[in-house]
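Asks: Sending over a structure as structure tokens; questions will come in a sec.
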Amino acid sequence: MVLIAPLGFLGDYQLFRLTLIATYALALLGLNLVMGFGGQISLGHGAFYASGAYTTAILMTSAGVPYWATLPCAGAAGAALGFLVGWPALRLRGHYLALITLALATAIPQALKCKALEPWTGGVQGVIIDKPGAPFGLPLSPDGWLYLLALAITAVAFTLVANLLRGRIGRAIVAVRDHTLAAEAMGVHVARLKTRTFALSAALTALAGSLGALETEFVSPDSFTVFLSITLFVGSVVGGVASIGGAVAGAVFIVMVPPLANSVSRAAPGAVYGVILIACLYLMPSGIAGLLRRAAASSWWRKRKRGGEHVA
Amino acid sequence: MSEAKPPLLEARDVAVRFGGVLALGGVSFVAGHGEICGLIGPNGSGKTTLFNCISNICRCSAGEIRFEGRRISGAPRHRMAPMGIGRTFQNLALFPTLTVADNILVGAHHLGGAGFVAGMLQLKLGRREEERARARLDAVADLLDLRNSLAALVTTLPFAVGKRVELARALIGEPRLLLLDEPAGGLNHAEVNELALLLGAVRARFGLSILLVEHHMNLVMRVSDRVIAMEFGRKIADGTPAEVQREPAVIRAYLGAVT
């Protein structure tokens with residue numbers, strides 16, 4: 001209810017920013033699954049975000065598919081790309097996944113500019129799409145409707161991932177991160193588990209990319225440079241990798257801090273951003289989510305201690 | 001004539017070479033159904049290497065190991081638990097960020113089949129599996145006296161309790177053979193006594209066989225039905241604890257040459 005309330009009083013631009021937060025939260029949920037729970041580093045989730053965005057844009061413009069039907073396609077495309085990248089990369093040890101995903105993130109903008117694909121991707125120009133309006137005659141602006149849509153999809157994805165992490169697969173994912181050999185001895189097929197986790201992660205981020213394309217009404221190779229992957233990485237770390245709540249906190253950081261940095265110094269927003277980033281990492285080494293968790297734990301502990309003294 | 005039931009575990013001429021070093025020079029032995037079998041030997045005798053071959057941490061250069069008649073040497077490591085072989089590790093190999101309950105439940109991973117989709121959508125298959133696993137968790141936790149620690153993080157536990165968590169994690173997977181790598185390592189006198197009683201109780205309760213590598217001679221002689229002694233990568237004795245203790249080669253290996 002609290003999350004639907006902004007529809008009533010916020011203007012389209014504010015709603016657009018909230019929609020972006022919901023979208024990035026979904027992208028970071030995918031990234032946190034791999035980094036926080038799987039314990040691996042991906043520097044290339046921007047590529048999956050791009051794959052989702054382009055899937056939606058191309059299906060809408062070249063094939064006339066309605067926007068809502070492109071969303072599952074974008075997820076599937078992300079999963080397929082994630083599987084293809086993860087399948088060989090996850091069999092390697094150490095930081096190879098980070099390197100391979102970084103290579104992917106670097107290659108994607110180039111690939112999208114490829115001449116052979118231009119009829120679909122629009123080359124350097126990119127693809128312009130229309131922002132969908134509210135269906136069923138709902139009294140909402142397109143921005144209002146997209147906010148609702150992004151919010152609903154993100155909420156469902158968070159619920160599904162929370163379910164997953166609570167059960168058999170979630171335990172196995174964390175077990176592999178904590179002690180791979182022991183997890184293997186318990187019968188966990190490590191390579192298969194990692195590949196599937198990575199594919200799911202890529203699918204979530206691609207779905208976010210699809211929503212992102214609808215929001216910005218435009219995709220082009222330059223929207224998905226390595227910098228996007230780094231931004232997602234930063235959001236994941238600042239929010240707190242090992243929690244799904246951290247994805248929301250990281251999304252708020254990604255969307256709010258750059259304009260903030262810009263308002264502090266028009267001349268060097270990058271430097272201000274960097275200072276804020278360093279301050280965040282220094283003050284909250286386990287991310288915003290980690291800080292909140294510690295704060296909650298310490299107040300709980302204080303209460304309990306007081307209660308204990310009371311009994312004594 | 002029907003074929004005889006194959007032995008539970010059989011090693012045939014297992015040899016392991018690390019570069020030019022022969023760590024294991026053709027060892028054969030058989031462990032029977034329901035037996036507790038102790039593997040002893042001085043440092044460097046090859047007992048740990050043999051143990052690692054059985055648990056597939058280390059590959060045999062020659063020979064083979066069969067479990068219930070099926071060849072297990074060279075099988076992928078994640079296939080061991082589903083085949084019925086559980087294990088514990090020498091120095092705790094628990095999952096530090098999981099609670100005791102979740103650590104133990106990972107041991108039941110191979111008994112389940114609910115994948116990503118079932119997990120995300122909370123399908124009935126996954127829910128039923130989870131209920132069954134939790135029922136087994138309760139049973140194992142009762143037996144190993146872990147009831148009150150289930151919600152704790154494993155990093156907060158004393159070493160001896162951590163060892164029991166590892167044992168519980170192996171037991172919840174319903175193994176027919178349990179491989180224990182120095183279960184008494186790091187335990188004090190009273191804890192070793194408890195462990196001896198516990199191993200007997202575990203075998204009686206679950207009807208499984210146990211193979212343990214152990215330095216603690218007292219424990220091995222007390223709990224084992226059969227003891228295999230090794231030296232310099234070869235088997236030097238194989239029999240009941242009493243027989244092995246009388247064996248001159250074993251006395252020589254432990255006490256030095258008596259001439």
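Chains: A, B, ... in order of the structure tokens. Residues: from 1 per chain. Ligands: from 1, in order shown.
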Quick check: residues of chain A within 7 Å of chain B, only C-alpha atoms, returned as JSON, numbers by chain.

Replies: {"A": [160, 161, 163, 164, 167, 168, 169, 171, 172, 175, 178, 179, 182, 184, 185, 186, 187, 188, 189]}

Asks: Write to file, as a PDB file, in the first residue's frame, the residues of the selection just made, with N, CA and C atoms.

Replies:
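New file out.pdb:
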```
ATOM      1  N   LEU A 160       9.872 -14.885  -5.094  1.00  0.00           N
ATOM      2  CA  LEU A 160      10.313 -16.165  -5.633  1.00  0.00           C
ATOM      3  C   LEU A 160      11.746 -16.480  -5.201  1.00  0.00           C
ATOM      4  N   VAL A 161      12.610 -15.472  -5.277  1.00  0.00           N
ATOM      5  CA  VAL A 161      14.010 -15.710  -4.902  1.00  0.00           C
ATOM      6  C   VAL A 161      14.117 -15.983  -3.402  1.00  0.00           C
ATOM      7  N   ASN A 163      11.867 -17.426  -1.579  1.00  0.00           N
ATOM      8  CA  ASN A 163      11.431 -18.830  -1.444  1.00  0.00           C
ATOM      9  C   ASN A 163      12.574 -19.779  -1.771  1.00  0.00           C
ATOM     10  N   LEU A 164      13.227 -19.498  -2.895  1.00  0.00           N
ATOM     11  CA  LEU A 164      14.300 -20.369  -3.369  1.00  0.00           C
ATOM     12  C   LEU A 164      15.416 -20.463  -2.329  1.00  0.00           C
ATOM     13  N   GLY A 167      15.026 -22.731   0.797  1.00  0.00           N
ATOM     14  CA  GLY A 167      14.892 -24.185   0.653  1.00  0.00           C
ATOM     15  C   GLY A 167      16.163 -24.918   0.278  1.00  0.00           C
ATOM     16  N   ARG A 168      15.973 -26.084  -0.291  1.00  0.00           N
ATOM     17  CA  ARG A 168      17.062 -26.999  -0.616  1.00  0.00           C
ATOM     18  C   ARG A 168      18.128 -26.358  -1.509  1.00  0.00           C
ATOM     19  N   ILE A 169      17.684 -25.700  -2.578  1.00  0.00           N
ATOM     20  CA  ILE A 169      18.642 -25.111  -3.513  1.00  0.00           C
ATOM     21  C   ILE A 169      19.379 -23.943  -2.878  1.00  0.00           C
ATOM     22  N   ARG A 171      20.099 -23.458   0.256  1.00  0.00           N
ATOM     23  CA  ARG A 171      21.124 -23.978   1.175  1.00  0.00           C
ATOM     24  C   ARG A 171      22.329 -24.482   0.402  1.00  0.00           C
ATOM     25  N   ALA A 172      22.066 -25.165  -0.712  1.00  0.00           N
ATOM     26  CA  ALA A 172      23.172 -25.719  -1.496  1.00  0.00           C
ATOM     27  C   ALA A 172      24.022 -24.597  -2.099  1.00  0.00           C
ATOM     28  N   ALA A 175      26.122 -23.321   0.627  1.00  0.00           N
ATOM     29  CA  ALA A 175      27.076 -24.356   1.038  1.00  0.00           C
ATOM     30  C   ALA A 175      28.259 -24.409   0.075  1.00  0.00           C
ATOM     31  N   ASP A 178      30.501 -21.530   0.820  1.00  0.00           N
ATOM     32  CA  ASP A 178      31.216 -21.642   2.089  1.00  0.00           C
ATOM     33  C   ASP A 178      32.293 -22.717   2.054  1.00  0.00           C
ATOM     34  N   HIS A 179      31.991 -23.856   1.484  1.00  0.00           N
ATOM     35  CA  HIS A 179      32.951 -24.969   1.486  1.00  0.00           C
ATOM     36  C   HIS A 179      32.605 -25.916   0.332  1.00  0.00           C
ATOM     37  N   ALA A 182      33.104 -29.822   0.783  1.00  0.00           N
ATOM     38  CA  ALA A 182      32.129 -30.440   1.677  1.00  0.00           C
ATOM     39  C   ALA A 182      30.760 -30.518   0.995  1.00  0.00           C
ATOM     40  N   GLU A 184      30.194 -30.788  -2.115  1.00  0.00           N
ATOM     41  CA  GLU A 184      30.280 -31.865  -3.093  1.00  0.00           C
ATOM     42  C   GLU A 184      30.116 -33.232  -2.430  1.00  0.00           C
ATOM     43  N   ALA A 185      30.747 -33.375  -1.267  1.00  0.00           N
ATOM     44  CA  ALA A 185      30.650 -34.644  -0.539  1.00  0.00           C
ATOM     45  C   ALA A 185      29.217 -34.906  -0.083  1.00  0.00           C
ATOM     46  N   MET A 186      28.397 -33.846   0.031  1.00  0.00           N
ATOM     47  CA  MET A 186      26.995 -34.018   0.408  1.00  0.00           C
ATOM     48  C   MET A 186      26.130 -34.301  -0.821  1.00  0.00           C
ATOM     49  N   GLY A 187      26.766 -34.393  -1.974  1.00  0.00           N
ATOM     50  CA  GLY A 187      26.020 -34.753  -3.169  1.00  0.00           C
ATOM     51  C   GLY A 187      25.584 -33.574  -4.018  1.00  0.00           C
ATOM     52  N   VAL A 188      26.118 -32.387  -3.753  1.00  0.00           N
ATOM     53  CA  VAL A 188      25.749 -31.226  -4.568  1.00  0.00           C
ATOM     54  C   VAL A 188      26.568 -31.252  -5.867  1.00  0.00           C
ATOM     55  N   HIS A 189      25.885 -31.234  -6.992  1.00  0.00           N
ATOM     56  CA  HIS A 189      26.556 -31.179  -8.296  1.00  0.00           C
ATOM     57  C   HIS A 189      26.947 -29.721  -8.519  1.00  0.00           C
TER      58      HIS A 189
END
```

Asks: Which residues, written as a PyMOL selection string, have at least one atom at most 12 Å from A:Leu140, with only C-alpha atoms counted and residues fewer than 5 positions away on the same chain left out?

Replies: chain A and resi 6-12+15+132-135+145-149

Asks: List as number ranges by chain the protein and nucleic acid residues near A:Ala76, meaning an atom at most 7 Å away when only C-alpha atoms are counted, but skip any in the same chain fewer than 4 places from it.

Replies: A: 72, 80, 203

Asks: Using DSSP on the backbone coordinates, identify all residues within stretch 64-99 of chain B classified as strand (DSSP E or B); present the result as a PyMOL selection string.

Replies: chain B and resi 64-67+70-71+85-87+99

Asks: As a compact mmCIF listing (two decimals) with N, CA, C and O atoms, in the first residue's frame, which residues of stretch 40-200 of chain B does DSSP assign to alpha helix (DSSP H)?

Replies:
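Final output, saved to part.txt:
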```
# COMPACT_ATOMS: atom_id res chain seq x y z
N LYS B 47 47.74 -44.07 5.14
CA LYS B 47 46.34 -44.34 5.51
C LYS B 47 45.41 -43.22 5.06
O LYS B 47 44.30 -43.48 4.59
N THR B 48 45.90 -41.98 5.17
CA THR B 48 45.06 -40.87 4.73
C THR B 48 44.90 -40.88 3.21
O THR B 48 43.82 -40.59 2.69
N THR B 49 45.98 -41.24 2.53
CA THR B 49 45.89 -41.33 1.07
C THR B 49 44.86 -42.39 0.66
O THR B 49 44.04 -42.16 -0.24
N LEU B 50 44.90 -43.53 1.35
CA LEU B 50 43.93 -44.59 1.05
C LEU B 50 42.50 -44.10 1.31
O LEU B 50 41.60 -44.30 0.50
N PHE B 51 42.35 -43.42 2.44
CA PHE B 51 41.04 -42.88 2.79
C PHE B 51 40.56 -41.88 1.72
O PHE B 51 39.41 -41.91 1.30
N ASN B 52 41.49 -41.03 1.28
CA ASN B 52 41.13 -40.05 0.25
C ASN B 52 40.78 -40.71 -1.07
O ASN B 52 39.99 -40.18 -1.85
N CYS B 53 41.40 -41.86 -1.35
CA CYS B 53 41.03 -42.60 -2.57
C CYS B 53 39.61 -43.12 -2.47
O CYS B 53 38.84 -43.07 -3.43
N ILE B 54 39.27 -43.63 -1.27
CA ILE B 54 37.92 -44.18 -1.09
C ILE B 54 36.89 -43.06 -1.22
O ILE B 54 35.84 -43.24 -1.82
N MET B 80 29.09 -39.70 -4.74
CA MET B 80 29.37 -40.57 -3.59
C MET B 80 28.19 -40.62 -2.62
O MET B 80 27.76 -41.70 -2.22
N ALA B 81 27.68 -39.47 -2.23
CA ALA B 81 26.58 -39.44 -1.27
C ALA B 81 25.34 -40.18 -1.80
O ALA B 81 24.77 -41.00 -1.09
N PRO B 82 24.92 -39.93 -3.04
CA PRO B 82 23.75 -40.68 -3.54
C PRO B 82 23.99 -42.19 -3.61
O PRO B 82 23.05 -42.96 -3.52
N MET B 83 25.26 -42.61 -3.76
CA MET B 83 25.51 -44.06 -3.79
C MET B 83 25.43 -44.67 -2.40
O MET B 83 25.38 -45.89 -2.27
N VAL B 100 23.30 -24.40 12.43
CA VAL B 100 23.51 -25.84 12.62
C VAL B 100 22.45 -26.62 11.85
O VAL B 100 22.76 -27.59 11.13
N ALA B 101 21.20 -26.20 11.96
CA ALA B 101 20.11 -26.91 11.28
C ALA B 101 20.34 -26.93 9.76
O ALA B 101 20.23 -27.98 9.13
N ASP B 102 20.69 -25.78 9.20
CA ASP B 102 20.89 -25.72 7.74
C ASP B 102 22.13 -26.51 7.32
O ASP B 102 22.14 -27.14 6.27
N ASN B 103 23.18 -26.48 8.15
CA ASN B 103 24.35 -27.30 7.87
C ASN B 103 23.96 -28.77 7.73
O ASN B 103 24.35 -29.45 6.79
N ILE B 104 23.18 -29.24 8.69
CA ILE B 104 22.80 -30.65 8.69
C ILE B 104 21.89 -30.93 7.49
O ILE B 104 22.03 -31.95 6.81
N LEU B 105 20.98 -30.00 7.22
CA LEU B 105 20.04 -30.21 6.11
C LEU B 105 20.75 -30.31 4.75
O LEU B 105 20.25 -30.98 3.84
N VAL B 106 21.89 -29.65 4.60
CA VAL B 106 22.63 -29.78 3.34
C VAL B 106 22.99 -31.25 3.10
O VAL B 106 23.03 -31.73 1.98
N PHE B 116 15.12 -25.58 -9.00
CA PHE B 116 14.90 -24.14 -8.92
C PHE B 116 13.43 -23.77 -9.00
O PHE B 116 12.94 -22.97 -8.21
N VAL B 117 12.73 -24.36 -9.96
CA VAL B 117 11.33 -23.98 -10.18
C VAL B 117 10.48 -24.37 -8.98
O VAL B 117 9.72 -23.56 -8.44
N ALA B 118 10.67 -25.61 -8.52
CA ALA B 118 9.89 -26.09 -7.37
C ALA B 118 10.19 -25.23 -6.14
O ALA B 118 9.30 -24.94 -5.34
N GLY B 119 11.44 -24.83 -6.01
CA GLY B 119 11.83 -24.02 -4.86
C GLY B 119 11.23 -22.63 -4.91
O GLY B 119 10.73 -22.11 -3.91
N MET B 120 11.25 -22.01 -6.08
CA MET B 120 10.74 -20.65 -6.19
C MET B 120 9.23 -20.60 -6.02
O MET B 120 8.69 -19.71 -5.40
N LEU B 121 8.55 -21.59 -6.60
CA LEU B 121 7.09 -21.57 -6.57
C LEU B 121 6.53 -22.31 -5.37
O LEU B 121 5.32 -22.43 -5.21
N LYS B 124 4.46 -28.45 -4.22
CA LYS B 124 4.20 -29.47 -3.22
C LYS B 124 5.39 -30.43 -3.07
O LYS B 124 5.77 -30.79 -1.96
N LEU B 125 5.98 -30.80 -4.20
CA LEU B 125 7.14 -31.69 -4.19
C LEU B 125 8.21 -31.18 -3.22
O LEU B 125 8.69 -31.92 -2.36
N GLY B 126 8.56 -29.91 -3.36
CA GLY B 126 9.60 -29.33 -2.52
C GLY B 126 9.16 -29.24 -1.08
O GLY B 126 9.95 -29.51 -0.17
N ARG B 127 7.91 -28.88 -0.86
CA ARG B 127 7.43 -28.73 0.53
C ARG B 127 7.44 -30.07 1.24
O ARG B 127 7.82 -30.18 2.39
N ARG B 128 7.03 -31.11 0.51
CA ARG B 128 6.98 -32.44 1.14
C ARG B 128 8.39 -32.92 1.46
O ARG B 128 8.65 -33.44 2.54
N GLU B 129 9.31 -32.71 0.52
CA GLU B 129 10.71 -33.08 0.75
C GLU B 129 11.27 -32.37 1.98
O GLU B 129 11.95 -32.97 2.80
N GLU B 130 10.95 -31.08 2.06
CA GLU B 130 11.47 -30.28 3.17
C GLU B 130 10.94 -30.82 4.50
O GLU B 130 11.68 -30.92 5.47
N GLU B 131 9.66 -31.19 4.52
CA GLU B 131 9.09 -31.76 5.74
C GLU B 131 9.80 -33.04 6.13
O GLU B 131 10.14 -33.25 7.30
N ARG B 132 10.02 -33.90 5.14
CA ARG B 132 10.71 -35.16 5.43
C ARG B 132 12.12 -34.92 5.95
O ARG B 132 12.56 -35.54 6.91
N ALA B 133 12.81 -33.98 5.29
CA ALA B 133 14.19 -33.69 5.71
C ALA B 133 14.20 -33.16 7.14
O ALA B 133 15.05 -33.51 7.94
N ARG B 134 13.20 -32.32 7.46
CA ARG B 134 13.18 -31.74 8.81
C ARG B 134 12.84 -32.80 9.86
O ARG B 134 13.32 -32.73 11.00
N ALA B 135 12.03 -33.77 9.48
CA ALA B 135 11.73 -34.86 10.42
C ALA B 135 13.01 -35.66 10.70
O ALA B 135 13.30 -36.02 11.85
N ARG B 136 13.78 -35.92 9.63
CA ARG B 136 15.06 -36.63 9.84
C ARG B 136 16.02 -35.77 10.66
O ARG B 136 16.77 -36.28 11.49
N LEU B 137 15.99 -34.47 10.42
CA LEU B 137 16.85 -33.56 11.17
C LEU B 137 16.56 -33.69 12.66
O LEU B 137 17.47 -33.79 13.47
N ASP B 138 15.27 -33.74 13.02
CA ASP B 138 14.91 -33.87 14.43
C ASP B 138 15.46 -35.16 15.01
O ASP B 138 16.02 -35.17 16.10
N ALA B 139 15.32 -36.26 14.26
CA ALA B 139 15.78 -37.56 14.75
C ALA B 139 17.29 -37.55 14.97
O ALA B 139 17.79 -37.99 16.02
N VAL B 140 18.03 -37.04 13.98
CA VAL B 140 19.49 -37.03 14.07
C VAL B 140 19.95 -36.09 15.19
O VAL B 140 20.87 -36.40 15.96
N ALA B 141 19.27 -34.94 15.31
CA ALA B 141 19.66 -33.97 16.33
C ALA B 141 19.42 -34.54 17.73
O ALA B 141 20.21 -34.31 18.65
N ASP B 142 18.37 -35.33 17.87
CA ASP B 142 18.12 -35.97 19.17
C ASP B 142 19.23 -36.94 19.51
O ASP B 142 19.77 -36.94 20.60
N LEU B 143 19.56 -37.77 18.55
CA LEU B 143 20.57 -38.80 18.78
C LEU B 143 21.92 -38.17 19.14
O LEU B 143 22.63 -38.67 20.01
N PHE B 159 34.56 -26.89 19.38
CA PHE B 159 35.05 -27.82 18.37
C PHE B 159 34.32 -29.18 18.44
O PHE B 159 33.90 -29.72 17.41
N ALA B 160 34.17 -29.71 19.64
CA ALA B 160 33.58 -31.04 19.78
C ALA B 160 32.13 -31.06 19.26
O ALA B 160 31.70 -32.04 18.65
N VAL B 161 31.42 -29.96 19.49
CA VAL B 161 30.03 -29.89 19.00
C VAL B 161 30.04 -29.79 17.47
O VAL B 161 29.23 -30.43 16.80
N GLY B 162 31.00 -29.04 16.94
CA GLY B 162 31.14 -28.95 15.48
C GLY B 162 31.35 -30.32 14.87
O GLY B 162 30.80 -30.65 13.81
N LYS B 163 32.13 -31.16 15.54
CA LYS B 163 32.35 -32.51 15.05
C LYS B 163 31.05 -33.31 15.03
O LYS B 163 30.80 -34.10 14.12
N ARG B 164 30.22 -33.10 16.03
CA ARG B 164 28.93 -33.80 16.07
C ARG B 164 28.01 -33.30 14.96
O ARG B 164 27.24 -34.06 14.38
N VAL B 165 28.12 -31.99 14.66
CA VAL B 165 27.31 -31.45 13.56
C VAL B 165 27.72 -32.12 12.25
O VAL B 165 26.87 -32.49 11.43
N GLU B 166 29.02 -32.29 12.06
CA GLU B 166 29.49 -32.97 10.84
C GLU B 166 28.96 -34.40 10.76
O GLU B 166 28.56 -34.86 9.69
N LEU B 167 28.97 -35.06 11.90
CA LEU B 167 28.47 -36.43 11.93
C LEU B 167 26.98 -36.45 11.59
O LEU B 167 26.51 -37.27 10.80
N ALA B 168 26.25 -35.48 12.17
CA ALA B 168 24.81 -35.39 11.89
C ALA B 168 24.57 -35.11 10.41
O ALA B 168 23.67 -35.67 9.78
N ARG B 169 25.39 -34.24 9.84
CA ARG B 169 25.25 -33.88 8.42
C ARG B 169 25.47 -35.10 7.53
O ARG B 169 24.82 -35.25 6.50
N ALA B 170 26.41 -35.96 7.94
CA ALA B 170 26.63 -37.17 7.16
C ALA B 170 25.49 -38.16 7.36
O ALA B 170 25.04 -38.81 6.42
N LEU B 171 24.98 -38.26 8.61
CA LEU B 171 23.96 -39.27 8.92
C LEU B 171 22.61 -38.96 8.29
O LEU B 171 21.86 -39.87 7.93
N HIS B 189 39.85 -36.23 26.54
CA HIS B 189 39.64 -37.60 26.96
C HIS B 189 38.15 -37.96 27.11
O HIS B 189 37.67 -38.95 26.56
N ALA B 190 37.42 -37.10 27.81
CA ALA B 190 35.99 -37.37 28.04
C ALA B 190 35.23 -37.37 26.72
O ALA B 190 34.35 -38.21 26.50
N GLU B 191 35.60 -36.46 25.83
CA GLU B 191 34.89 -36.36 24.55
C GLU B 191 35.16 -37.60 23.69
O GLU B 191 34.29 -38.04 22.95
N VAL B 192 36.38 -38.15 23.78
CA VAL B 192 36.69 -39.37 23.03
C VAL B 192 35.84 -40.53 23.54
O VAL B 192 35.32 -41.33 22.76
N ASN B 193 35.67 -40.59 24.85
CA ASN B 193 34.80 -41.63 25.41
C ASN B 193 33.38 -41.52 24.89
O ASN B 193 32.76 -42.51 24.49
N GLU B 194 32.88 -40.28 24.89
CA GLU B 194 31.52 -40.05 24.36
C GLU B 194 31.44 -40.49 22.90
O GLU B 194 30.46 -41.11 22.50
N LEU B 195 32.49 -40.15 22.16
CA LEU B 195 32.50 -40.49 20.73
C LEU B 195 32.42 -42.00 20.53
O LEU B 195 31.67 -42.48 19.68
N ALA B 196 33.17 -42.74 21.35
CA ALA B 196 33.17 -44.20 21.22
C ALA B 196 31.76 -44.75 21.43
O ALA B 196 31.28 -45.60 20.65
N LEU B 197 31.09 -44.25 22.44
CA LEU B 197 29.72 -44.70 22.71
C LEU B 197 28.80 -44.31 21.55
O LEU B 197 27.94 -45.08 21.11
N LEU B 198 29.03 -43.09 21.07
CA LEU B 198 28.18 -42.55 20.01
C LEU B 198 28.29 -43.39 18.74
O LEU B 198 27.29 -43.71 18.08
N LEU B 199 29.53 -43.78 18.38
CA LEU B 199 29.72 -44.55 17.14
C LEU B 199 28.98 -45.88 17.23
O LEU B 199 28.35 -46.31 16.26
N GLY B 200 29.05 -46.52 18.41
CA GLY B 200 28.31 -47.76 18.60
C GLY B 200 26.82 -47.54 18.45
O GLY B 200 26.11 -48.30 17.77
```
